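Engineer: Structure supplied as model-v4.csv; contents: CSV, N, CA and C atoms.
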chain,number,residue,atom,x,y,z
A,1423,VAL,N,18.6,-9.6,-6.2
A,1423,VAL,CA,17.3,-9.1,-6.6
A,1423,VAL,C,16.3,-9.5,-5.5
A,1424,ARG,N,15.7,-8.5,-5.0
A,1424,ARG,CA,14.6,-8.7,-4.0
A,1424,ARG,C,13.3,-8.2,-4.6
A,1425,LEU,N,12.3,-9.1,-4.6
A,1425,LEU,CA,11.0,-8.7,-5.0
A,1425,LEU,C,10.1,-8.6,-3.8
A,1426,ILE,N,9.4,-7.4,-3.7
A,1426,ILE,CA,8.6,-7.2,-2.5
A,1426,ILE,C,7.1,-7.0,-2.9
A,1427,GLU,N,6.3,-7.8,-2.4
A,1427,GLU,CA,4.8,-7.8,-2.7
A,1427,GLU,C,4.1,-7.0,-1.6
A,1428,SER,N,3.0,-6.5,-2.0
A,1428,SER,CA,2.1,-5.9,-1.0
A,1428,SER,C,0.7,-5.9,-1.6
A,1429,GLY,N,-0.3,-5.7,-0.7
A,1429,GLY,CA,-1.7,-5.6,-1.1
A,1429,GLY,C,-2.6,-6.8,-0.8
A,1430,GLY,N,-2.1,-7.9,-0.3
A,1430,GLY,CA,-3.0,-9.0,0.0
A,1430,GLY,C,-3.9,-8.7,1.2
A,1431,GLY,N,-4.8,-9.6,1.4
A,1431,GLY,CA,-5.7,-9.4,2.5
A,1431,GLY,C,-7.0,-10.3,2.4
A,1432,LEU,N,-7.9,-10.0,3.3
A,1432,LEU,CA,-9.2,-10.7,3.3
A,1432,LEU,C,-10.3,-9.8,2.6
A,1433,VAL,N,-11.0,-10.5,1.7
A,1433,VAL,CA,-12.1,-9.8,1.0
A,1433,VAL,C,-13.3,-10.7,0.8
A,1434,GLN,N,-14.4,-10.1,0.7
A,1434,GLN,CA,-15.6,-11.0,0.5
A,1434,GLN,C,-15.8,-11.3,-1.0
A,1435,PRO,N,-16.4,-12.4,-1.3
A,1435,PRO,CA,-16.7,-12.8,-2.7
A,1435,PRO,C,-17.3,-11.6,-3.5
A,1436,GLY,N,-16.8,-11.4,-4.7
A,1436,GLY,CA,-17.3,-10.3,-5.5
A,1436,GLY,C,-16.5,-9.0,-5.3
A,1437,GLY,N,-15.6,-9.0,-4.3
A,1437,GLY,CA,-14.8,-7.8,-4.0
A,1437,GLY,C,-13.6,-7.7,-4.8
A,1438,SER,N,-12.8,-6.7,-4.5
A,1438,SER,CA,-11.6,-6.4,-5.3
A,1438,SER,C,-10.4,-6.2,-4.4
A,1439,LEU,N,-9.2,-6.5,-4.9
A,1439,LEU,CA,-7.9,-6.2,-4.3
A,1439,LEU,C,-6.9,-5.9,-5.3
A,1440,ARG,N,-5.9,-5.1,-4.9
A,1440,ARG,CA,-4.9,-4.7,-5.9
A,1440,ARG,C,-3.5,-5.1,-5.2
A,1441,LEU,N,-2.8,-6.0,-5.9
A,1441,LEU,CA,-1.5,-6.4,-5.5
A,1441,LEU,C,-0.4,-5.5,-6.2
A,1442,SER,N,0.7,-5.3,-5.5
A,1442,SER,CA,1.8,-4.6,-6.1
A,1442,SER,C,3.1,-5.3,-5.9
A,1443,CYS,N,4.0,-5.1,-6.8
A,1443,CYS,CA,5.4,-5.8,-6.6
A,1443,CYS,C,6.4,-4.8,-7.1
A,1444,ALA,N,7.5,-4.7,-6.4
A,1444,ALA,CA,8.6,-3.9,-6.9
A,1444,ALA,C,9.9,-4.5,-6.5
A,1445,ALA,N,10.9,-4.4,-7.4
A,1445,ALA,CA,12.2,-4.9,-7.1
A,1445,ALA,C,13.0,-3.9,-6.3
A,1446,SER,N,13.7,-4.4,-5.4
A,1446,SER,CA,14.6,-3.4,-4.6
A,1446,SER,C,16.0,-3.8,-4.7
A,1447,GLY,N,16.9,-2.8,-4.5
A,1447,GLY,CA,18.4,-3.1,-4.6
A,1447,GLY,C,19.0,-2.7,-5.9
A,1448,GLY,N,18.2,-2.0,-6.7
A,1448,GLY,CA,18.7,-1.5,-8.0
A,1448,GLY,C,17.7,-1.6,-9.1
A,1449,VAL,N,18.1,-1.4,-10.3
A,1449,VAL,CA,17.2,-1.5,-11.4
A,1449,VAL,C,17.8,-2.7,-12.3
A,1450,PHE,N,16.9,-3.6,-12.6
A,1450,PHE,CA,17.3,-4.8,-13.2
A,1450,PHE,C,16.7,-5.0,-14.6
A,1451,SER,N,17.3,-5.8,-15.4
A,1451,SER,CA,16.8,-6.1,-16.7
A,1451,SER,C,16.1,-7.4,-16.6
A,1452,PHE,N,14.8,-7.4,-16.8
A,1452,PHE,CA,13.9,-8.6,-16.7
A,1452,PHE,C,13.3,-8.8,-18.1
A,1453,GLU,N,13.2,-10.0,-18.5
A,1453,GLU,CA,12.5,-10.4,-19.7
A,1453,GLU,C,11.0,-10.5,-19.5
A,1454,SER,N,10.6,-10.8,-18.3
A,1454,SER,CA,9.2,-10.9,-18.0
A,1454,SER,C,9.0,-10.7,-16.5
A,1455,MET,N,7.8,-10.2,-16.1
A,1455,MET,CA,7.4,-10.2,-14.7
A,1455,MET,C,6.0,-10.8,-14.7
A,1456,GLY,N,5.7,-11.5,-13.6
A,1456,GLY,CA,4.4,-12.1,-13.5
A,1456,GLY,C,4.0,-12.4,-12.1
A,1457,TRP,N,2.7,-12.8,-12.0
A,1457,TRP,CA,2.1,-13.2,-10.7
A,1457,TRP,C,1.8,-14.7,-10.8
A,1458,TYR,N,2.2,-15.4,-9.8
A,1458,TYR,CA,1.8,-16.8,-9.7
A,1458,TYR,C,1.0,-16.9,-8.3
A,1459,ARG,N,0.3,-18.0,-8.2
A,1459,ARG,CA,-0.4,-18.3,-7.0
A,1459,ARG,C,-0.3,-19.8,-6.6
A,1460,GLU,N,-0.4,-20.0,-5.3
A,1460,GLU,CA,-0.4,-21.4,-4.8
A,1460,GLU,C,-1.4,-21.5,-3.8
A,1461,ALA,N,-2.4,-22.3,-4.1
A,1461,ALA,CA,-3.5,-22.6,-3.2
A,1461,ALA,C,-3.2,-23.9,-2.4
A,1462,PRO,N,-3.8,-24.0,-1.2
A,1462,PRO,CA,-3.5,-25.2,-0.4
A,1462,PRO,C,-3.8,-26.5,-1.2
A,1463,GLY,N,-2.8,-27.4,-1.2
A,1463,GLY,CA,-2.9,-28.7,-1.9
A,1463,GLY,C,-2.8,-28.6,-3.4
A,1464,LYS,N,-2.5,-27.5,-3.9
A,1464,LYS,CA,-2.4,-27.3,-5.4
A,1464,LYS,C,-1.0,-26.8,-5.8
A,1465,GLU,N,-0.6,-27.1,-7.0
A,1465,GLU,CA,0.7,-26.6,-7.5
A,1465,GLU,C,0.6,-25.1,-7.8
A,1466,ARG,N,1.8,-24.5,-7.8
A,1466,ARG,CA,1.9,-23.1,-8.1
A,1466,ARG,C,1.5,-22.9,-9.6
A,1467,GLU,N,0.7,-21.9,-9.9
A,1467,GLU,CA,0.3,-21.7,-11.3
A,1467,GLU,C,0.5,-20.2,-11.7
A,1468,LEU,N,0.7,-20.0,-13.0
A,1468,LEU,CA,0.8,-18.7,-13.5
A,1468,LEU,C,-0.6,-18.0,-13.5
A,1469,VAL,N,-0.7,-16.8,-13.0
A,1469,VAL,CA,-1.9,-16.0,-13.0
A,1469,VAL,C,-1.9,-15.0,-14.2
A,1470,ALA,N,-0.8,-14.3,-14.3
A,1470,ALA,CA,-0.7,-13.3,-15.3
A,1470,ALA,C,0.7,-12.9,-15.5
A,1471,GLU,N,1.1,-12.4,-16.7
A,1471,GLU,CA,2.4,-12.1,-17.0
A,1471,GLU,C,2.5,-10.9,-18.0
A,1472,ILE,N,3.6,-10.1,-17.8
A,1472,ILE,CA,3.8,-9.0,-18.7
A,1472,ILE,C,5.2,-9.2,-19.3
A,1473,ARG,N,5.4,-8.8,-20.6
A,1473,ARG,CA,6.7,-8.8,-21.3
A,1473,ARG,C,6.7,-7.5,-22.1
A,1474,PRO,N,7.9,-7.0,-22.3
A,1474,PRO,CA,8.1,-5.8,-23.1
A,1474,PRO,C,7.5,-6.1,-24.5
A,1475,TRP,N,6.8,-5.1,-25.0
A,1475,TRP,CA,6.3,-5.1,-26.4
A,1475,TRP,C,5.5,-6.4,-26.7
A,1476,SER,N,4.9,-7.0,-25.7
A,1476,SER,CA,4.0,-8.1,-26.0
A,1476,SER,C,2.7,-8.0,-25.2
A,1477,ARG,N,1.7,-8.7,-25.7
A,1477,ARG,CA,0.4,-8.6,-24.9
A,1477,ARG,C,0.6,-9.4,-23.6
A,1478,SER,N,-0.2,-8.9,-22.7
A,1478,SER,CA,-0.2,-9.6,-21.4
A,1478,SER,C,-0.8,-11.0,-21.5
A,1479,LYS,N,-0.4,-11.9,-20.7
A,1479,LYS,CA,-1.0,-13.3,-20.7
A,1479,LYS,C,-1.7,-13.5,-19.4
A,1480,TYR,N,-2.8,-14.2,-19.5
A,1480,TYR,CA,-3.6,-14.5,-18.3
A,1480,TYR,C,-4.0,-16.0,-18.2
A,1481,ALA,N,-4.1,-16.5,-17.0
A,1481,ALA,CA,-4.7,-17.8,-16.9
A,1481,ALA,C,-6.2,-17.7,-17.3
A,1482,ASP,N,-6.8,-18.8,-17.8
A,1482,ASP,CA,-8.2,-18.8,-18.2
A,1482,ASP,C,-9.1,-18.5,-17.1
A,1483,SER,N,-8.7,-18.9,-15.9
A,1483,SER,CA,-9.6,-18.8,-14.7
A,1483,SER,C,-9.7,-17.3,-14.2
A,1484,VAL,N,-8.8,-16.5,-14.7
A,1484,VAL,CA,-8.8,-15.1,-14.2
A,1484,VAL,C,-9.1,-14.1,-15.3
A,1485,SER,N,-9.0,-14.5,-16.5
A,1485,SER,CA,-9.2,-13.7,-17.7
A,1485,SER,C,-10.6,-13.0,-17.6
A,1486,GLY,N,-10.6,-11.6,-17.8
A,1486,GLY,CA,-11.8,-10.8,-17.7
A,1486,GLY,C,-12.1,-10.3,-16.3
A,1487,ARG,N,-11.3,-10.8,-15.3
A,1487,ARG,CA,-11.5,-10.4,-13.9
A,1487,ARG,C,-10.3,-9.7,-13.4
A,1488,PHE,N,-9.1,-10.1,-13.8
A,1488,PHE,CA,-7.8,-9.6,-13.3
A,1488,PHE,C,-7.2,-8.8,-14.4
A,1489,VAL,N,-6.5,-7.7,-14.1
A,1489,VAL,CA,-5.7,-7.0,-15.0
A,1489,VAL,C,-4.3,-6.7,-14.5
A,1490,ILE,N,-3.3,-7.1,-15.3
A,1490,ILE,CA,-1.9,-6.9,-14.9
A,1490,ILE,C,-1.4,-5.6,-15.5
A,1491,SER,N,-0.6,-4.9,-14.8
A,1491,SER,CA,-0.1,-3.6,-15.4
A,1491,SER,C,1.3,-3.4,-14.7
A,1492,GLY,N,2.0,-2.5,-15.2
A,1492,GLY,CA,3.3,-2.2,-14.7
A,1492,GLY,C,4.3,-1.7,-15.7
A,1493,ASP,N,5.5,-1.4,-15.2
A,1493,ASP,CA,6.6,-1.0,-16.1
A,1493,ASP,C,7.8,-1.9,-15.8
A,1494,ILE,N,8.0,-2.8,-16.7
A,1494,ILE,CA,9.0,-3.8,-16.5
A,1494,ILE,C,10.4,-3.2,-16.5
A,1495,PHE,N,10.5,-2.1,-17.2
A,1495,PHE,CA,11.8,-1.4,-17.2
A,1495,PHE,C,12.1,-0.7,-15.8
A,1496,LYS,N,11.1,-0.3,-15.1
A,1496,LYS,CA,11.2,0.2,-13.8
A,1496,LYS,C,11.0,-0.8,-12.7
A,1497,ASN,N,10.8,-2.1,-13.2
A,1497,ASN,CA,10.7,-3.2,-12.2
A,1497,ASN,C,9.5,-3.1,-11.3
A,1498,THR,N,8.4,-2.6,-11.8
A,1498,THR,CA,7.2,-2.5,-11.0
A,1498,THR,C,6.1,-3.2,-11.7
A,1499,MET,N,5.1,-3.7,-10.9
A,1499,MET,CA,4.0,-4.5,-11.5
A,1499,MET,C,2.9,-4.5,-10.5
A,1500,ASN,N,1.7,-4.5,-11.1
A,1500,ASN,CA,0.4,-4.5,-10.2
A,1500,ASN,C,-0.5,-5.6,-10.8
A,1501,LEU,N,-1.4,-6.0,-9.9
A,1501,LEU,CA,-2.4,-6.9,-10.3
A,1501,LEU,C,-3.7,-6.4,-9.7
A,1502,GLN,N,-4.6,-5.9,-10.6
A,1502,GLN,CA,-6.0,-5.5,-10.1
A,1502,GLN,C,-6.9,-6.7,-10.2
A,1503,MET,N,-7.4,-7.1,-9.1
A,1503,MET,CA,-8.3,-8.3,-9.1
A,1503,MET,C,-9.7,-7.9,-8.7
A,1504,ASP,N,-10.6,-8.1,-9.6
A,1504,ASP,CA,-12.0,-7.8,-9.4
A,1504,ASP,C,-12.9,-9.1,-9.4
A,1505,SER,N,-14.1,-9.0,-9.0
A,1505,SER,CA,-15.0,-10.1,-8.9
A,1505,SER,C,-14.3,-11.3,-8.3
A,1506,LEU,N,-13.7,-11.1,-7.2
A,1506,LEU,CA,-13.0,-12.2,-6.6
A,1506,LEU,C,-13.9,-13.4,-6.1
A,1507,GLU,N,-13.4,-14.6,-6.3
A,1507,GLU,CA,-14.1,-15.8,-5.9
A,1507,GLU,C,-13.4,-16.5,-4.8
A,1508,PRO,N,-14.1,-17.4,-4.1
A,1508,PRO,CA,-13.3,-18.2,-3.0
A,1508,PRO,C,-12.2,-19.0,-3.7
A,1509,GLU,N,-12.4,-19.4,-4.9
A,1509,GLU,CA,-11.3,-20.2,-5.6
A,1509,GLU,C,-10.1,-19.4,-5.8
A,1510,ASP,N,-10.1,-18.1,-5.7
A,1510,ASP,CA,-8.9,-17.3,-5.9
A,1510,ASP,C,-8.1,-17.2,-4.6
A,1511,THR,N,-8.6,-17.8,-3.5
A,1511,THR,CA,-7.8,-17.8,-2.3
A,1511,THR,C,-6.5,-18.5,-2.5
A,1512,ALA,N,-5.4,-17.9,-2.2
A,1512,ALA,CA,-4.1,-18.5,-2.4
A,1512,ALA,C,-3.0,-17.5,-1.9
A,1513,LEU,N,-1.8,-18.0,-1.9
A,1513,LEU,CA,-0.6,-17.2,-1.7
A,1513,LEU,C,-0.1,-16.7,-3.0
A,1514,TYR,N,-0.1,-15.4,-3.2
A,1514,TYR,CA,0.3,-14.9,-4.5
A,1514,TYR,C,1.8,-14.4,-4.5
A,1515,TYR,N,2.5,-14.9,-5.5
A,1515,TYR,CA,3.9,-14.6,-5.6
A,1515,TYR,C,4.2,-13.7,-6.8
A,1516,CYS,N,5.1,-12.8,-6.6
A,1516,CYS,CA,5.7,-12.0,-7.7
A,1516,CYS,C,6.9,-12.7,-8.2
A,1517,ASN,N,7.0,-12.7,-9.6
A,1517,ASN,CA,8.1,-13.4,-10.2
A,1517,ASN,C,8.7,-12.5,-11.3
A,1518,ALA,N,10.0,-12.6,-11.4
A,1518,ALA,CA,10.7,-11.9,-12.5
A,1518,ALA,C,11.8,-12.8,-13.1
A,1519,VAL,N,12.0,-12.8,-14.4
A,1519,VAL,CA,13.0,-13.6,-15.0
A,1519,VAL,C,14.1,-12.7,-15.6
A,1520,GLY,N,15.3,-12.9,-15.2
A,1520,GLY,CA,16.4,-12.1,-15.6
A,1520,GLY,C,16.7,-12.2,-17.1
A,1521,SER,N,16.9,-11.1,-17.8
A,1521,SER,CA,17.1,-11.1,-19.2
A,1521,SER,C,18.3,-11.9,-19.7
A,1522,ALA,N,19.4,-11.6,-19.0
A,1522,ALA,CA,20.7,-12.3,-19.4
A,1522,ALA,C,20.8,-13.7,-18.8
A,1523,SER,N,20.5,-13.8,-17.6
A,1523,SER,CA,20.7,-15.0,-16.9
A,1523,SER,C,19.6,-16.1,-17.1
A,1524,GLY,N,18.4,-15.6,-17.3
A,1524,GLY,CA,17.3,-16.5,-17.4
A,1524,GLY,C,16.8,-17.0,-16.0
A,1525,LEU,N,17.4,-16.5,-14.9
A,1525,LEU,CA,17.1,-16.9,-13.6
A,1525,LEU,C,15.7,-16.4,-13.2
A,1526,ASN,N,15.0,-17.2,-12.4
A,1526,ASN,CA,13.8,-16.8,-11.8
A,1526,ASN,C,14.0,-16.2,-10.4
A,1527,TYR,N,13.4,-15.1,-10.2
A,1527,TYR,CA,13.4,-14.5,-8.9
A,1527,TYR,C,12.0,-14.4,-8.4
A,1528,TRP,N,11.9,-14.7,-7.0
A,1528,TRP,CA,10.6,-14.8,-6.4
A,1528,TRP,C,10.5,-13.9,-5.2
A,1529,GLY,N,9.3,-13.3,-5.0
A,1529,GLY,CA,9.0,-12.6,-3.8
A,1529,GLY,C,8.6,-13.7,-2.7
A,1530,LYS,N,8.3,-13.2,-1.5
A,1530,LYS,CA,8.0,-14.1,-0.4
A,1530,LYS,C,6.5,-14.5,-0.4
A,1531,GLY,N,5.7,-13.7,-1.2
A,1531,GLY,CA,4.3,-14.0,-1.3
A,1531,GLY,C,3.4,-13.2,-0.4
A,1532,THR,N,2.2,-12.9,-0.9
A,1532,THR,CA,1.2,-12.2,-0.1
A,1532,THR,C,-0.1,-13.0,-0.2
A,1533,LEU,N,-0.7,-13.1,1.0
A,1533,LEU,CA,-1.9,-14.0,1.1
A,1533,LEU,C,-3.2,-13.2,0.7
A,1534,VAL,N,-3.9,-13.9,-0.2
A,1534,VAL,CA,-5.2,-13.4,-0.6
A,1534,VAL,C,-6.3,-14.4,-0.1
A,1535,THR,N,-7.2,-13.9,0.7
A,1535,THR,CA,-8.3,-14.8,1.2
A,1535,THR,C,-9.6,-14.2,0.8
A,1536,VAL,N,-10.4,-15.0,0.1
A,1536,VAL,CA,-11.7,-14.6,-0.4
A,1536,VAL,C,-12.7,-15.4,0.4
A,1537,SER,N,-13.5,-14.8,1.3
A,1537,SER,CA,-14.4,-15.5,2.1
A,1537,SER,C,-15.4,-14.6,2.7
A,1538,SER,N,-16.6,-15.1,2.9
A,1538,SER,CA,-17.7,-14.3,3.5
A,1538,SER,C,-17.7,-14.6,5.0
Any chance you could put this one into structure tokens?
Structural biologist:
Amino acid sequence: VRLIESGGGLVQPGGSLRLSCAASGGVFSFESMGWYREAPGKERELVAEIRPWSRSKYADSVSGRFVISGDIFKNTMNLQMDSLEPEDTALYYCNAVGSASGLNYWGKGTLVTVSS
């Protein structure tokens, strides 16, 4: 399973970015897909997650500003990030958990920098 992210970049505070993730190499059965981020000197944290037939989950720090969407059955996912803050600067990783195996799959990450 290869997860490929796109959409990172440099944006000013208050701006928006949209991240995308897609699995390549086939169609896979995932129990969840999510976005994590890792800022310099900090641990990797969950940003948002989607599961079939369940409400999306968000970190408190992004709730109301970020929206996760996608089709887990088609192995695609997006993250719309609005009202970005310097504290959102991080390497953002796409994650998927295999339904049968429970294995975690990770993308290589895409850098989001919020700075004036």
Engineer: For atom C of Gly1529 (chain A) and CA of Gly1436 (chain A), determine how far apart the two atoms are, in Å to one decimal place.
Structural biologist: 26.3 Å
Engineer: Any idea what's packed within 7 Å of Leu1432 (chain A), counting all atoms listed in the file, ignoring anything in its chain fewer than 2 positions away? Could you give it as an MDAnalysis selection string?
Structural biologist: chainID A and resid 1430 1434 1533:1537
Engineer: Of the candidates A:Thr1511, A:Ser1451, A:Ser1438, A:Ser1476, which shows the shortest atom-to-atom distance to Phe1495 (chain A), using only N, CA and C atoms?
Structural biologist: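 When distances to Phe1495 (chain A) are compared using only N, CA and C atoms, the smallest one comes from A:Ser1451.
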Engineer: Would you mind writing down, as a ChimeraX atom specification, each residue of chain A that DSSP on the backbone assigns to strand (DSSP E or B)?
Structural biologist: /A:1424-1428,1431-1433,1439-1446,1452-1460,1467-1472,1479-1480,1485,1488-1493,1498-1503,1512-1520,1526-1528,1532-1536
Engineer: To one decimal place in Å, what is the distance between atom C of Ala1444 (chain A) and atom N of Leu1513 (chain A)?
Structural biologist: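 Distance between the two atoms: 18.4 Å.
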Engineer: For the atom pair CA of Val1423 (chain A) and CA of Ser1478 (chain A), what is the interatomic distance in Å to one decimal place?
Structural biologist: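 According to the coordinates, CA of Val1423 (chain A) and CA of Ser1478 (chain A) are separated by 22.9 Å.
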Engineer: Take the point (-4.3, -19.1, -19.3) as written in the file and pick out every residue within 10 Å of it, counting only C-alpha atoms; give the list as JSON, numbers by chain.
Structural biologist: {"A": [1467, 1468, 1469, 1470, 1471, 1479, 1480, 1481, 1482, 1483, 1484, 1485]}
Engineer: Store the residues of this selection in a file with N, CA and C atoms, as a PDB file, in the frame of the given file.
Structural biologist:
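Generated file (result.pdb):
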ATOM      1  N   GLU A1467       0.700 -21.900  -9.900  1.00  0.00           N
ATOM      2  CA  GLU A1467       0.300 -21.700 -11.300  1.00  0.00           C
ATOM      3  C   GLU A1467       0.500 -20.200 -11.700  1.00  0.00           C
ATOM      4  N   LEU A1468       0.700 -20.000 -13.000  1.00  0.00           N
ATOM      5  CA  LEU A1468       0.800 -18.700 -13.500  1.00  0.00           C
ATOM      6  C   LEU A1468      -0.600 -18.000 -13.500  1.00  0.00           C
ATOM      7  N   VAL A1469      -0.700 -16.800 -13.000  1.00  0.00           N
ATOM      8  CA  VAL A1469      -1.900 -16.000 -13.000  1.00  0.00           C
ATOM      9  C   VAL A1469      -1.900 -15.000 -14.200  1.00  0.00           C
ATOM     10  N   ALA A1470      -0.800 -14.300 -14.300  1.00  0.00           N
ATOM     11  CA  ALA A1470      -0.700 -13.300 -15.300  1.00  0.00           C
ATOM     12  C   ALA A1470       0.700 -12.900 -15.500  1.00  0.00           C
ATOM     13  N   GLU A1471       1.100 -12.400 -16.700  1.00  0.00           N
ATOM     14  CA  GLU A1471       2.400 -12.100 -17.000  1.00  0.00           C
ATOM     15  C   GLU A1471       2.500 -10.900 -18.000  1.00  0.00           C
ATOM     16  N   LYS A1479      -0.400 -11.900 -20.700  1.00  0.00           N
ATOM     17  CA  LYS A1479      -1.000 -13.300 -20.700  1.00  0.00           C
ATOM     18  C   LYS A1479      -1.700 -13.500 -19.400  1.00  0.00           C
ATOM     19  N   TYR A1480      -2.800 -14.200 -19.500  1.00  0.00           N
ATOM     20  CA  TYR A1480      -3.600 -14.500 -18.300  1.00  0.00           C
ATOM     21  C   TYR A1480      -4.000 -16.000 -18.200  1.00  0.00           C
ATOM     22  N   ALA A1481      -4.100 -16.500 -17.000  1.00  0.00           N
ATOM     23  CA  ALA A1481      -4.700 -17.800 -16.900  1.00  0.00           C
ATOM     24  C   ALA A1481      -6.200 -17.700 -17.300  1.00  0.00           C
ATOM     25  N   ASP A1482      -6.800 -18.800 -17.800  1.00  0.00           N
ATOM     26  CA  ASP A1482      -8.200 -18.800 -18.200  1.00  0.00           C
ATOM     27  C   ASP A1482      -9.100 -18.500 -17.100  1.00  0.00           C
ATOM     28  N   SER A1483      -8.700 -18.900 -15.900  1.00  0.00           N
ATOM     29  CA  SER A1483      -9.600 -18.800 -14.700  1.00  0.00           C
ATOM     30  C   SER A1483      -9.700 -17.300 -14.200  1.00  0.00           C
ATOM     31  N   VAL A1484      -8.800 -16.500 -14.700  1.00  0.00           N
ATOM     32  CA  VAL A1484      -8.800 -15.100 -14.200  1.00  0.00           C
ATOM     33  C   VAL A1484      -9.100 -14.100 -15.300  1.00  0.00           C
ATOM     34  N   SER A1485      -9.000 -14.500 -16.500  1.00  0.00           N
ATOM     35  CA  SER A1485      -9.200 -13.700 -17.700  1.00  0.00           C
ATOM     36  C   SER A1485     -10.600 -13.000 -17.600  1.00  0.00           C
TER      37      SER A1485
END
Engineer: From the set A:Met1455, A:Cys1443, A:Ile1472, A:Ala1518, which residue has the shortest atom-to-atom contact distance to Glu1427 (chain A), counting only C-alpha atoms?
Structural biologist: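 The closest residue to Glu1427 (chain A) is A:Cys1443.
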Engineer: Find, counting only C-alpha atoms, the residue in A:Pro1508, A:Gly1492, A:Gly1524, A:Gly1437 that gets nearest to Gly1456 (chain A).
Structural biologist: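 Using only C-alpha atoms, Gly1456 (chain A) sits closest to A:Gly1492.
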Engineer: Residues near Tyr1514 (chain A), anyone? I mean within 5 Å using all atoms listed in the file, not counting same-chain ones fewer than 4 positions away, as a list in words.
Structural biologist: Tyr1458, Arg1459, Gly1531, Thr1532 and Leu1533 of chain A
Engineer: What's the 6.5 Å shell around Leu1439 (chain A), counting only N, CA and C atoms, without same-chain residues fewer than 5 positions away, as an mmCIF file with N, CA and C atoms, in the coordinates of the input?
Structural biologist:
data_model
loop_
_atom_site.group_PDB
_atom_site.id
_atom_site.type_symbol
_atom_site.label_atom_id
_atom_site.label_comp_id
_atom_site.auth_asym_id
_atom_site.auth_seq_id
_atom_site.Cartn_x
_atom_site.Cartn_y
_atom_site.Cartn_z
ATOM 1 N N GLY A 1429 -0.300 -5.700 -0.700
ATOM 2 C CA GLY A 1429 -1.700 -5.600 -1.100
ATOM 3 C C GLY A 1429 -2.600 -6.800 -0.800
ATOM 4 N N LEU A 1501 -1.400 -6.000 -9.900
ATOM 5 C CA LEU A 1501 -2.400 -6.900 -10.300
ATOM 6 C C LEU A 1501 -3.700 -6.400 -9.700
ATOM 7 N N GLN A 1502 -4.600 -5.900 -10.600
ATOM 8 C CA GLN A 1502 -6.000 -5.500 -10.100
ATOM 9 C C GLN A 1502 -6.900 -6.700 -10.200
ATOM 10 N N MET A 1503 -7.400 -7.100 -9.100
ATOM 11 C CA MET A 1503 -8.300 -8.300 -9.100
ATOM 12 C C MET A 1503 -9.700 -7.900 -8.700
ATOM 13 N N ASP A 1504 -10.600 -8.100 -9.600
ATOM 14 C CA ASP A 1504 -12.000 -7.800 -9.400
ATOM 15 C C ASP A 1504 -12.900 -9.100 -9.400
#
Engineer: Compare A:Ala1461, A:Val1433, A:Ala1512, A:Leu1425 by their minimum atom-to-atom distance to Gly1448 (chain A), counting only C-alpha atoms, and give me the closest one.
Structural biologist: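 Nearest candidate to Gly1448 (chain A) out of A:Ala1461, A:Val1433, A:Ala1512, A:Leu1425: A:Leu1425.
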Engineer: Considering only C-alpha atoms, state which residue in the set A:Glu1453, A:Pro1435, A:Gly1486, A:Ala1445 is at the smallest distance from Asp1510 (chain A).
Structural biologist: A:Pro1435
